[in-house]
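Asker: Below is a structure I'd like to ask you about.
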Amino acid sequence: MASALQLPPQSPSPSGQVLALLSTLSNPSSSSSQDAHARHALALKARDDALSLSNDSYSNLCTEFCRVLCCQSPESLSMEVLKDFHDSLAGDSDMFHKCCGWIQNNGGSNAQREGIMMWNTLRQMAGLLLKNALVSPPPPSALAQTKRMKLSPEAATEIKHALLRCLTDALSPIRGVASTAIARCCTAAVYLEKSMGIFFSVKNWVELVPFILHCVQVGNNTQQTIHSRDSIEHHAGIGALVALRKLLEDVPNRVAAEAPSTSFHELVPALLTCLQSPIQTRRKEALACLNVFIFPMPGALVANMDRYLGGLSALASDESAEIRQLVCQGIVSLLSQRAEYIKPHFASIVTFMLTATSDADPNVALEACDFWLTFASLDEDSYDDEMMGCVAQSLPQLLPVLLNGMVYPPDKIEELLEDNAIDERGGDDRQQDLAPVFHSAKTKGQYDSEDDDSEDEGSDDDMDNDDGEWSLRKCSAASLDSLAGIFGASYVLPPLLPALQEGLQNTDQWIREACILALGAISEGCMTEITPHLPQLHPFLLTQLTSQDSLPQLRCISAWALGRYASWTVTADDPSLVACSIEALVGRLLDRNRKVQVATCSALGVYVEAAGDLMTLYLEPVYRALMEALQLYRARSILCLFDTLGVMADNVGPAIGEGSLPGIYVPPILKYWNDIGRENPMDRTLLPLMECLGSITVVCGMNYQPWAVETFEMAMSTIEGCMMIISHYNNISDVDDELADPMICAIDLIDGLIEGLGSNFATLVAGSARFGPTFPNLLGQIVAHDIPGVRISAFAVLGDLARQAPTLIEAGLPTLISEAVSSIDPTHPAVCNNSLWALGEICVRCGENAGPLNPNAADLLQNLIPLLMGNSVDIDGNPIDTPVPGIVENAAITMGRLARVNPSFVAPELSRFLLGWCDGLSKISNPIERRDAFNGFVLALRANPHSIQGAGPLSQIIGSILFAVVSWHVAPDDLLKGASLFMVYQDFQPFPSEFGELKASLTQLLSDLKASAGQESWNEVESQMPVNVKRLIKEVYNIDI
């Protein structure tokens, strides 16, 4: 059959200079290493200079790289180019002879083969350099220019033609480089729209998708034989499929929206035809492309859905494990994105997935196993009773398969045994042991991140702490956990319990380990039904944990499983259960195996959370064991230990600070900080140390005083050291966020000292000869810092100082207030919230003394109004449509506290924001902050009663005020549900008796509102009020409505 393939124009030959540049950059010189290094450095500089000198220079070098990529053999080069190549190497012609010597010397086949191999190495390097230069255009070297380099239209056209042509190259690595360059250029065009996007966006590269389609169709039309696999049509078909797959992985929506519609709609049928190809690579790449189409779901795939499903069915038993894996991936994608298309075939799909979950290839089994986890994670609208029934019927066969999937495979067992041996020998920390450490700055007020459990990254729910890789074992356990949650014990336990009972008695420790993992996985979904078995299972788990014969992995999973059932241990009638559990865990804290250390510490933390103050009886032995472990632990273990110490402070409460207990654990922690800090004050191990000390200082209160000065000075030293390092950066944007983490942690620790010591913190600062005099100045620096995380924590300190030790901020209060006002910016939500909270606390401290607020009151008001009215804008002036949690409430609180200082700060412009203020008032949950806000609200209304007439329709304004008042009678957890909740709410609470004076003010306010509104407006308000609200206002405030 004659070739129907139509190729773009061929690029000209490259120059000898660029070949010499690439040869030197590859640096395979036989000269001395020092000379080679110098030449390589010069070549790098020459490349960078050429790319950044001018647009013309940039375009020329990119074009030359492209020409090298396209040149399939040095035989096509002219003698002039070859000579230029040789002469440009400045005497180091080794690479020239390796690539091209066989041409001049008529070398034999071996010399030619080796020469072509070296040549193709240069081609690949040229392609990679071209891709990097295109997707990340360098800034200009000339200081007068500010825009990045930009290709000329002629260069862009040649490069696009060349990259498309390279998709047809006979060599897979060249096709791979070209396809990657195409995909990355189209991706870069999305965010470099004014430079790259002109040429390389899918929309503007009009030849791209039509050429890919053309190559796929030509490949489909070519007779697929052994000999055809050397044809250009075959290579073009494969190259096009790879390029399309990479494009769809990177910018699927752009391809669907911007490609020429005719070509795009023809892609799906062409890909479906590829599924029938005898060539495995074509089937695999085509199926990968079709799977990616599921998310954008173009009309062409919808129209051909039956063919696609038929293709999946036909390939379900393909000899290639990669293709079977893709079949499972396609089904899982359909289930998660468009389950309606597989509902009619769901029974047969469940049968196939059940078989695939047992596939001999672990990658296929993992992809199939994800089907069960995905199904269990669907929302109720995505499946029906028939689908639930299909999965339920499969559980007797599926659950033993999942249990088998939880057993470590042989290769992993071998790896784990080697790790165990290393731990036994006390080997050095390995890379996988060094978990990354992050810190989130402390937030205050209505949006308190400390109450957000979602950021608990090191929880006990980590079923497998061996590594971060998603595996069949983890997926099987997660699937069992989720299936138990939606089907319950009646479906899960009958088929699972016999297998579990058999496995738990198995002499093979790896099988016992998997069964304990399964036992922990079903704890939440089957807790009630498994409880009768726990009196026998609990001692068994303790034995597996404490036995010297147990493998470390068996000890780990036993500790984890004990944690999963900690709530039963705590609530059981037998108090000895807690004692023996704590004793077993404490006894394993000093295990030599690092993974056992982590698992035991984590499980102990879970027990502490479950037991709370019941832990008081065991605190001394637990703290002594943890401090002994502190001397032994390293890497991840030490991080977990500090986390456990923080958990104990947060959950046990003041008992941790009583008597001699702090003397057991605080001095060793401070010594550890000193020892590590002397070597490296920025060591990230110190982050969780400072976090746990922050919790301890708050809970211990005045009992922490013996170590307060030392802790304060170490925290201050950390802040100063961090600021000194950051000051060496010319551009703050170059500072890695992690670099500031130690400073943020140290600021939060100081805040913990303020909360714990209260007014005595001022005495502490005065007692520090080194940092007492500089503390106020440092506070001014951190509230004005350029790094948002620093300001978040700094404003938390500022607010707590206003509450507890105001003398420390009096001298610099005008500047501090000004910085806080300027930080009211919702584009940095946490900074904004903390600055609002701090300003509110300063207002409280001012009382009726408006002097400190006078210079900034007007600016503060103007910054608060947009937050209350929901018309804030981002840095580019675009409206912020999504409300930021806590900001409206904190703005309402601060507005009220500002009005309490002086109502005239707020009253003149009250009509502008009265509605928004009422909305914010109705969402405040903290009773003290709510009291302050409403007191200020009443004062402001008294100061400007006419604002009600100018704020909007009178009935709407009165209704908003009434609903704000009614919010006092709604449980805090229900406040964020909005005014619509009041329509049916029946659980109204009494007005807090301790705020009787405020209640009287609100009663008078409502009475005055009714008197001034007029009967017509009041009738309109009454018609909108639910019966339950009318009854509440009548009974509590004596207002007929």
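Every chain in the structure tokens takes a letter, A first, then B, and so on in the order presented; its residues are numbered from 1, and the ligands are numbered from 1 following the presented order.
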Might you pull out every residue within 10 Å of Asn132 of chain A, with only C-alpha atoms counted and same-chain residues fewer than 6 positions away left off, and present them as a list of chain:residue names?
Answerer: A:Cys62, A:Ala126, A:Pro138, A:Ala181, A:Arg184, A:Cys185
Asker: Pick out the residues sitting within 12 Å of segment 333-340 of chain A, and hand them over as a JSON list (two decimals) with N, CA and C atoms, in the first residue's frame; count only C-alpha atoms, and ignore anything fewer than 6 positions along from it in its own chain.
Answerer:
```json
[["chain", "number", "residue", "atom", "x", "y", "z"],
["A", 288, "ALA", "N", -5.13, 4.39, 26.90],
["A", 288, "ALA", "CA", -4.75, 5.42, 27.86],
["A", 288, "ALA", "C", -5.37, 6.76, 27.48],
["A", 290, "LEU", "N", -8.15, 7.26, 25.63],
["A", 290, "LEU", "CA", -9.59, 7.18, 25.83],
["A", 290, "LEU", "C", -9.96, 7.31, 27.30],
["A", 291, "ASN", "N", -9.16, 6.72, 28.17],
["A", 291, "ASN", "CA", -9.44, 6.81, 29.60],
["A", 291, "ASN", "C", -9.39, 8.25, 30.10],
["A", 292, "VAL", "N", -8.44, 9.02, 29.54],
["A", 292, "VAL", "CA", -8.32, 10.42, 29.98],
["A", 292, "VAL", "C", -9.52, 11.23, 29.50],
["A", 293, "PHE", "N", -10.12, 10.82, 28.38],
["A", 293, "PHE", "CA", -11.29, 11.53, 27.85],
["A", 293, "PHE", "C", -12.50, 11.44, 28.78],
["A", 294, "ILE", "N", -12.49, 10.52, 29.74],
["A", 294, "ILE", "CA", -13.65, 10.32, 30.59],
["A", 294, "ILE", "C", -13.97, 11.57, 31.40],
["A", 295, "PHE", "N", -12.93, 12.26, 31.86],
["A", 295, "PHE", "CA", -13.19, 13.43, 32.71],
["A", 295, "PHE", "C", -13.86, 14.56, 31.93],
["A", 296, "PRO", "N", -13.30, 15.01, 30.77],
["A", 296, "PRO", "CA", -14.03, 16.05, 30.04],
["A", 296, "PRO", "C", -15.27, 15.52, 29.34],
["A", 297, "MET", "N", -15.31, 14.21, 29.07],
["A", 297, "MET", "CA", -16.44, 13.52, 28.44],
["A", 297, "MET", "C", -16.97, 14.28, 27.21],
["A", 301, "LEU", "N", -17.16, 10.83, 22.62],
["A", 301, "LEU", "CA", -17.07, 9.64, 23.46],
["A", 301, "LEU", "C", -18.46, 9.19, 23.90],
["A", 302, "VAL", "N", -19.32, 10.14, 24.19],
["A", 302, "VAL", "CA", -20.69, 9.79, 24.55],
["A", 302, "VAL", "C", -21.35, 9.04, 23.40],
["A", 305, "MET", "N", -19.95, 5.49, 23.26],
["A", 305, "MET", "CA", -19.76, 4.85, 24.55],
["A", 305, "MET", "C", -19.89, 3.33, 24.45],
["A", 308, "TYR", "N", -16.70, 1.99, 23.19],
["A", 308, "TYR", "CA", -15.66, 2.08, 24.22],
["A", 308, "TYR", "C", -15.82, 0.96, 25.25],
["A", 309, "LEU", "N", -17.05, 0.77, 25.72],
["A", 309, "LEU", "CA", -17.29, -0.29, 26.69],
["A", 309, "LEU", "C", -17.00, -1.65, 26.08],
["A", 312, "LEU", "N", -13.26, -2.09, 26.12],
["A", 312, "LEU", "CA", -12.80, -2.48, 27.45],
["A", 312, "LEU", "C", -13.05, -3.97, 27.68],
["A", 326, "LEU", "N", -5.01, -0.78, 32.43],
["A", 326, "LEU", "CA", -5.72, 0.36, 31.85],
["A", 326, "LEU", "C", -7.22, 0.08, 31.74],
["A", 327, "VAL", "N", -7.59, -1.17, 31.47],
["A", 327, "VAL", "CA", -9.01, -1.53, 31.44],
["A", 327, "VAL", "C", -9.64, -1.25, 32.80],
["A", 346, "PHE", "N", -23.39, -3.32, 35.30],
["A", 346, "PHE", "CA", -22.67, -3.32, 36.56],
["A", 346, "PHE", "C", -22.43, -4.73, 37.09],
["A", 349, "ILE", "N", -19.50, -6.16, 35.36],
["A", 349, "ILE", "CA", -18.30, -5.41, 35.75],
["A", 349, "ILE", "C", -17.81, -5.85, 37.12],
["A", 350, "VAL", "N", -18.74, -6.04, 38.06],
["A", 350, "VAL", "CA", -18.36, -6.50, 39.40],
["A", 350, "VAL", "C", -17.69, -7.86, 39.32],
["A", 367, "GLU", "N", -5.09, -1.65, 40.63],
["A", 367, "GLU", "CA", -6.06, -0.83, 39.90],
["A", 367, "GLU", "C", -7.47, -1.38, 40.07],
["A", 368, "ALA", "N", -7.60, -2.70, 40.07],
["A", 368, "ALA", "CA", -8.91, -3.31, 40.25],
["A", 368, "ALA", "C", -9.41, -3.11, 41.68],
["A", 370, "ASP", "N", -8.92, -0.66, 43.51],
["A", 370, "ASP", "CA", -9.38, 0.71, 43.66],
["A", 370, "ASP", "C", -10.86, 0.86, 43.29],
["A", 371, "PHE", "N", -11.38, -0.09, 42.53],
["A", 371, "PHE", "CA", -12.80, -0.08, 42.17],
["A", 371, "PHE", "C", -13.67, -0.15, 43.42],
["A", 372, "TRP", "N", -13.31, -1.02, 44.34],
["A", 372, "TRP", "CA", -14.12, -1.19, 45.56],
["A", 372, "TRP", "C", -14.03, 0.03, 46.46],
["A", 373, "LEU", "N", -12.84, 0.60, 46.56],
["A", 373, "LEU", "CA", -12.66, 1.80, 47.37],
["A", 373, "LEU", "C", -13.43, 2.97, 46.75],
["A", 374, "THR", "N", -13.39, 3.07, 45.42],
["A", 374, "THR", "CA", -14.11, 4.14, 44.73],
["A", 374, "THR", "C", -15.61, 3.98, 44.92],
["A", 375, "PHE", "N", -16.10, 2.76, 44.79],
["A", 375, "PHE", "CA", -17.54, 2.53, 44.97],
["A", 375, "PHE", "C", -17.98, 2.94, 46.38],
["A", 376, "ALA", "N", -17.19, 2.55, 47.36],
["A", 376, "ALA", "CA", -17.56, 2.84, 48.75],
["A", 376, "ALA", "C", -17.47, 4.33, 49.06],
["A", 377, "SER", "N", -16.79, 5.09, 48.19],
["A", 377, "SER", "CA", -16.63, 6.53, 48.43],
["A", 377, "SER", "C", -17.63, 7.37, 47.65],
["A", 378, "LEU", "N", -18.47, 6.74, 46.83],
["A", 378, "LEU", "CA", -19.44, 7.48, 46.02],
["A", 378, "LEU", "C", -20.49, 8.13, 46.92],
["A", 379, "ASP", "N", -21.02, 9.27, 46.46],
["A", 379, "ASP", "CA", -22.17, 9.82, 47.19],
["A", 379, "ASP", "C", -23.41, 9.04, 46.78],
["A", 380, "GLU", "N", -24.45, 9.18, 47.56],
["A", 380, "GLU", "CA", -25.63, 8.33, 47.39],
["A", 380, "GLU", "C", -26.33, 8.53, 46.06],
["A", 381, "ASP", "N", -26.13, 9.68, 45.44],
["A", 381, "ASP", "CA", -26.79, 9.94, 44.16],
["A", 381, "ASP", "C", -26.11, 9.20, 43.00],
["A", 382, "SER", "N", -24.95, 8.65, 43.23],
["A", 382, "SER", "CA", -24.19, 8.05, 42.14],
["A", 382, "SER", "C", -24.44, 6.55, 41.99],
["A", 383, "TYR", "N", -25.14, 5.93, 42.92],
["A", 383, "TYR", "CA", -25.43, 4.51, 42.78],
["A", 383, "TYR", "C", -26.86, 4.24, 43.23],
["A", 384, "ASP", "N", -27.37, 3.08, 42.83],
["A", 384, "ASP", "CA", -28.74, 2.72, 43.21],
["A", 384, "ASP", "C", -28.72, 1.39, 43.96],
["A", 387, "MET", "N", -27.05, -1.59, 42.17],
["A", 387, "MET", "CA", -25.58, -1.60, 42.23],
["A", 387, "MET", "C", -25.11, -2.04, 43.61]]
```
Asker: Just list as an mmCIF file with C-alpha atoms, in the first residue's frame whatever in segment 543-665 of chain A DSSP marks as alpha helix (DSSP H).
Answerer:
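Output file states_24.cif is given in full below:
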```cif
data_model
loop_
_atom_site.group_PDB
_atom_site.id
_atom_site.type_symbol
_atom_site.label_atom_id
_atom_site.label_comp_id
_atom_site.auth_asym_id
_atom_site.auth_seq_id
_atom_site.Cartn_x
_atom_site.Cartn_y
_atom_site.Cartn_z
ATOM 1 C CA THR A 543 0.574 -10.594 73.319
ATOM 2 C CA GLN A 544 1.500 -9.863 69.702
ATOM 3 C CA LEU A 545 2.738 -6.423 70.764
ATOM 4 C CA THR A 546 4.810 -7.517 73.739
ATOM 5 C CA PRO A 552 8.598 -5.695 64.224
ATOM 6 C CA GLN A 553 5.822 -5.426 61.619
ATOM 7 C CA LEU A 554 3.566 -7.576 63.800
ATOM 8 C CA ARG A 555 4.314 -5.375 66.801
ATOM 9 C CA CYS A 556 3.568 -2.263 64.730
ATOM 10 C CA ILE A 557 0.205 -3.416 63.456
ATOM 11 C CA SER A 558 -0.796 -4.692 66.892
ATOM 12 C CA ALA A 559 -0.115 -1.275 68.400
ATOM 13 C CA TRP A 560 -2.144 0.354 65.627
ATOM 14 C CA ALA A 561 -5.057 -2.065 66.079
ATOM 15 C CA LEU A 562 -5.065 -1.476 69.841
ATOM 16 C CA GLY A 563 -5.435 2.217 69.070
ATOM 17 C CA ARG A 564 -8.387 1.533 66.776
ATOM 18 C CA ALA A 566 -9.042 2.330 72.346
ATOM 19 C CA SER A 567 -12.554 3.718 72.841
ATOM 20 C CA TRP A 568 -13.816 0.257 73.827
ATOM 21 C CA THR A 569 -10.942 -0.152 76.270
ATOM 22 C CA VAL A 570 -11.757 3.173 77.937
ATOM 23 C CA THR A 571 -15.511 2.648 78.169
ATOM 24 C CA SER A 576 -7.602 -2.797 84.249
ATOM 25 C CA LEU A 577 -7.937 -2.804 80.448
ATOM 26 C CA VAL A 578 -6.615 0.738 80.236
ATOM 27 C CA ALA A 579 -3.823 -0.061 82.673
ATOM 28 C CA CYS A 580 -2.599 -3.131 80.836
ATOM 29 C CA SER A 581 -2.878 -1.373 77.449
ATOM 30 C CA ILE A 582 -0.840 1.605 78.632
ATOM 31 C CA GLU A 583 1.674 -0.725 80.274
ATOM 32 C CA ALA A 584 2.107 -2.718 77.055
ATOM 33 C CA LEU A 585 2.517 0.386 74.910
ATOM 34 C CA VAL A 586 4.922 2.033 77.337
ATOM 35 C CA GLY A 587 6.923 -1.171 77.454
ATOM 36 C CA ARG A 588 7.371 -1.025 73.683
ATOM 37 C CA ARG A 594 12.137 2.582 64.429
ATOM 38 C CA LYS A 595 8.797 1.637 62.923
ATOM 39 C CA VAL A 596 7.729 0.041 66.209
ATOM 40 C CA GLN A 597 8.738 3.233 68.009
ATOM 41 C CA VAL A 598 6.539 5.297 65.695
ATOM 42 C CA ALA A 599 3.585 2.889 65.869
ATOM 43 C CA THR A 600 3.746 2.668 69.664
ATOM 44 C CA CYS A 601 4.001 6.427 70.128
ATOM 45 C CA SER A 602 1.067 6.962 67.760
ATOM 46 C CA ALA A 603 -1.072 4.351 69.514
ATOM 47 C CA LEU A 604 -0.228 5.872 72.894
ATOM 48 C CA GLY A 605 -1.397 9.235 71.570
ATOM 49 C CA VAL A 606 -4.689 7.658 70.456
ATOM 50 C CA TYR A 607 -5.177 6.151 73.914
ATOM 51 C CA VAL A 608 -4.510 9.532 75.500
ATOM 52 C CA GLU A 609 -7.146 11.155 73.276
ATOM 53 C CA ALA A 610 -9.672 8.451 74.181
ATOM 54 C CA ALA A 611 -8.871 8.350 77.901
ATOM 55 C CA LEU A 619 1.261 10.075 83.842
ATOM 56 C CA GLU A 620 4.469 9.593 85.802
ATOM 57 C CA PRO A 621 5.508 6.226 84.297
ATOM 58 C CA VAL A 622 4.442 7.382 80.830
ATOM 59 C CA TYR A 623 6.494 10.584 81.065
ATOM 60 C CA ARG A 624 9.521 8.727 82.423
ATOM 61 C CA ALA A 625 9.345 6.225 79.575
ATOM 62 C CA LEU A 626 8.946 8.995 76.977
ATOM 63 C CA MET A 627 11.978 10.852 78.354
ATOM 64 C CA GLU A 628 14.017 7.654 78.218
ATOM 65 C CA ALA A 629 12.851 7.225 74.633
ATOM 66 C CA LEU A 630 13.934 10.808 73.924
ATOM 67 C CA GLN A 631 17.529 9.715 74.444
ATOM 68 C CA LEU A 632 17.100 6.810 72.009
ATOM 69 C CA ALA A 635 14.325 10.909 62.736
ATOM 70 C CA ARG A 636 10.630 10.080 62.419
ATOM 71 C CA SER A 637 10.445 8.532 65.893
ATOM 72 C CA ILE A 638 11.430 11.768 67.601
ATOM 73 C CA LEU A 639 8.798 13.699 65.664
ATOM 74 C CA CYS A 640 6.145 11.232 66.769
ATOM 75 C CA LEU A 641 7.336 11.453 70.376
ATOM 76 C CA PHE A 642 6.947 15.236 70.433
ATOM 77 C CA ASP A 643 3.529 14.902 68.825
ATOM 78 C CA THR A 644 2.493 12.501 71.577
ATOM 79 C CA LEU A 645 3.695 14.946 74.233
ATOM 80 C CA GLY A 646 1.545 17.635 72.640
ATOM 81 C CA VAL A 647 -1.453 15.293 72.532
ATOM 82 C CA MET A 648 -1.029 14.587 76.237
ATOM 83 C CA ALA A 649 -1.028 18.289 77.045
ATOM 84 C CA ASP A 650 -4.088 18.966 74.886
ATOM 85 C CA ASN A 651 -6.165 16.052 76.168
ATOM 86 C CA VAL A 652 -5.148 15.333 79.769
ATOM 87 C CA LEU A 661 5.516 16.010 86.921
ATOM 88 C CA PRO A 662 6.812 18.942 84.791
ATOM 89 C CA GLY A 663 10.241 18.406 86.317
ATOM 90 C CA ILE A 664 10.277 14.932 84.771
ATOM 91 C CA TYR A 665 9.765 15.990 81.168
#
```
Asker: For Ser822 of chain A, please output as a VMD selection string all residues within 9 Å (counting only C-alpha atoms; exclusion window: fewer than 3 positions along the same chain).
Answerer: chain A and resid 817 to 819 825 835 859 to 860 863
Asker: Please identify all polymer residues within 10 Å of Gln956 of chain A, counting only C-alpha atoms, omitting same-chain residues fewer than 2 positions from it, and present them as a ChimeraX atom specification.
Answerer: /A:915,948,951-954,958-962,1017,1020-1021,1024
Asker: Between atom CA of Ala489 of chain A and atom CA of Cys390 of chain A, what is the distance in Å, rounded to a tenth?
Answerer: 17.2 Å
Asker: Choose the residue, out of A:Ile279, A:Met723, A:Ala20, A:Ile809, that has the smallest atom-to-atom separation from Lys83 of chain A; count only C-alpha atoms.
Answerer: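 Nearest to Lys83 of chain A: A:Ala20.
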Asker: May I ask for the distance between atom CA of Ser13 of chain A and atom CA of Ser93 of chain A, given in Å to one decimal place?
Answerer: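 It comes out at 20.2 Å.
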Asker: Tell me, in Å to one decimal, how far atom CA of Gly219 of chain A is from atom CA of Ala240 of chain A.
Answerer: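 So the answer is 9.6 Å.
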Asker: Given only C-alpha atoms as the basis, pick out the residue of A:Pro539, A:Pro269, A:Gly503, A:Pro992 nearest to Ala300 of chain A.
Answerer: A:Pro269
Asker: Quick one: of A:Ala178, A:Cys369, A:Val709, A:Met724, who's nearest to Val332 of chain A, counting only C-alpha atoms?
Answerer: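 Smallest distance to Val332 of chain A is found for A:Cys369.
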Asker: Using only C-alpha atoms, determine which residues lie at most 12 Å from Arg770 of chain A, disregarding the query and same-chain residues fewer than 4 positions distant; provide the list as a PyMOL selection string.
Answerer: chain A and resi 709-710+712-714+716-717+764-766+774-775
Asker: Those same residues, written as a tab-separated table (two decimals), in the first residue's frame with all heavy atoms?
Answerer:
```tsv
chain	number	residue	atom	x	y	z
A	709	VAL	N	11.78	31.47	81.58
A	709	VAL	CA	12.79	32.38	81.03
A	709	VAL	C	13.67	31.65	80.02
A	709	VAL	O	13.96	32.17	78.93
A	709	VAL	CB	13.64	33.00	82.17
A	709	VAL	CG1	14.81	33.79	81.58
A	709	VAL	CG2	12.78	33.91	83.04
A	710	GLU	N	14.11	30.45	80.36
A	710	GLU	CA	14.95	29.69	79.44
A	710	GLU	C	14.21	29.42	78.13
A	710	GLU	O	14.77	29.58	77.03
A	710	GLU	CB	15.38	28.36	80.08
A	710	GLU	CG	16.29	27.52	79.18
A	710	GLU	CD	16.66	26.20	79.82
A	710	GLU	OE1	16.20	25.91	80.94
A	710	GLU	OE2	17.43	25.43	79.17
A	712	PHE	N	11.69	31.15	76.86
A	712	PHE	CA	11.51	32.44	76.18
A	712	PHE	C	12.79	32.83	75.43
A	712	PHE	O	12.74	33.23	74.26
A	712	PHE	CB	11.13	33.50	77.21
A	712	PHE	CG	11.13	34.90	76.67
A	712	PHE	CD1	10.12	35.32	75.80
A	712	PHE	CD2	12.11	35.81	77.04
A	712	PHE	CE1	10.12	36.63	75.31
A	712	PHE	CE2	12.11	37.11	76.56
A	712	PHE	CZ	11.12	37.52	75.69
A	713	GLU	N	13.92	32.71	76.10
A	713	GLU	CA	15.18	33.14	75.47
A	713	GLU	C	15.57	32.23	74.31
A	713	GLU	O	16.10	32.70	73.29
A	713	GLU	CB	16.28	33.20	76.52
A	713	GLU	CG	16.04	34.31	77.54
A	713	GLU	CD	17.22	34.53	78.46
A	713	GLU	OE1	18.09	33.62	78.55
A	713	GLU	OE2	17.28	35.60	79.10
A	714	MET	N	15.28	30.94	74.41
A	714	MET	CA	15.59	30.04	73.30
A	714	MET	C	14.68	30.33	72.11
A	714	MET	O	15.12	30.30	70.95
A	714	MET	CB	15.45	28.59	73.75
A	714	MET	CG	16.53	28.17	74.76
A	714	MET	SD	16.21	26.57	75.51
A	714	MET	CE	16.52	25.48	74.14
A	716	MET	N	13.33	33.27	71.45
A	716	MET	CA	13.79	34.56	70.90
A	716	MET	C	15.05	34.38	70.07
A	716	MET	O	15.22	35.03	69.02
A	716	MET	CB	14.02	35.55	72.03
A	716	MET	CG	12.76	36.04	72.72
A	716	MET	SD	11.78	37.14	71.69
A	716	MET	CE	12.81	38.61	71.68
A	717	SER	N	15.95	33.52	70.54
A	717	SER	CA	17.17	33.25	69.77
A	717	SER	C	16.83	32.65	68.40
A	717	SER	O	17.45	32.99	67.38
A	717	SER	CB	18.09	32.29	70.54
A	717	SER	OG	18.57	32.88	71.71
A	764	LEU	N	8.26	38.06	83.27
A	764	LEU	CA	9.22	37.17	82.61
A	764	LEU	C	10.10	37.97	81.65
A	764	LEU	O	11.33	37.83	81.65
A	764	LEU	CB	8.48	36.07	81.83
A	764	LEU	CG	9.29	35.05	81.04
A	764	LEU	CD1	8.52	33.75	80.91
A	764	LEU	CD2	9.62	35.54	79.62
A	765	VAL	N	9.47	38.81	80.81
A	765	VAL	CA	10.24	39.60	79.84
A	765	VAL	C	11.20	40.53	80.57
A	765	VAL	O	12.37	40.67	80.19
A	765	VAL	CB	9.29	40.39	78.92
A	765	VAL	CG1	10.07	41.34	78.02
A	765	VAL	CG2	8.45	39.43	78.08
A	766	ALA	N	10.73	41.16	81.61
A	766	ALA	CA	11.59	42.06	82.36
A	766	ALA	C	12.76	41.31	82.99
A	766	ALA	O	13.85	41.88	83.18
A	766	ALA	CB	10.78	42.76	83.44
A	774	THR	N	14.75	44.20	74.05
A	774	THR	CA	14.52	44.20	72.59
A	774	THR	C	13.19	43.60	72.19
A	774	THR	O	12.82	43.64	71.02
A	774	THR	CB	15.65	43.42	71.88
A	774	THR	OG1	15.63	42.05	72.34
A	774	THR	CG2	17.00	44.03	72.17
A	775	PHE	N	12.46	43.04	73.15
A	775	PHE	CA	11.22	42.34	72.80
A	775	PHE	C	10.20	43.24	72.10
A	775	PHE	O	9.64	42.87	71.07
A	775	PHE	CB	10.61	41.69	74.04
A	775	PHE	CG	9.30	41.00	73.76
A	775	PHE	CD1	9.26	39.80	73.08
A	775	PHE	CD2	8.10	41.57	74.17
A	775	PHE	CE1	8.06	39.16	72.82
A	775	PHE	CE2	6.88	40.95	73.91
A	775	PHE	CZ	6.87	39.75	73.23
```
Asker: Taking into account only C-alpha atoms, which residue in the set A:Gly612, A:Leu315, A:Glu738, A:His265 is nearest to Ala303 of chain A?
Answerer: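 Checking each of A:Gly612, A:Leu315, A:Glu738, A:His265 against Ala303 of chain A, counting only C-alpha atoms, the winner is A:His265.
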Asker: Find the residues around Gln17 of chain A up to 10 Å (only C-alpha atoms counted), leave out those fewer than 2 positions away in its own chain, and share them as a compact mmCIF listing (two decimals) with C-alpha atoms, in the first residue's frame.
Answerer:
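Saved the output as around13.txt:
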```
# COMPACT_ATOMS: atom_id res chain seq x y z
CA PRO A 14 22.08 22.45 12.01
CA SER A 15 25.21 24.56 12.21
CA LEU A 19 26.86 20.76 17.39
CA ALA A 20 30.08 21.78 19.10
CA LEU A 21 28.11 23.44 21.91
CA LEU A 22 26.04 20.28 22.48
CA SER A 23 29.18 18.10 22.38
CA GLU A 64 19.31 25.25 15.98
CA VAL A 81 29.11 21.86 8.50
CA LEU A 82 31.27 18.91 9.49
CA ASP A 84 32.76 23.79 11.27
CA PHE A 85 31.74 21.20 13.86
CA HIS A 86 35.31 19.91 14.11
CA ASP A 87 36.98 23.31 14.19
CA SER A 88 34.55 24.76 16.76
CA LEU A 89 35.62 22.18 19.32
```
Asker: List as a PyMOL selection string the protein and nucleic acid residues near Thr763 of chain A, meaning an atom at most 10 Å away when only C-alpha atoms are counted, but skip any in the same chain fewer than 6 places from it.
Answerer: chain A and resi 709+757+772+805
Asker: Using only C-alpha atoms for the distances, tell me which of A:Leu749, A:Leu1006, A:Ile198, A:Val242 is nearest to Val966 of chain A.
Answerer: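 Comparing A:Leu749, A:Leu1006, A:Ile198, A:Val242 against Val966 of chain A, the winner is A:Leu1006.
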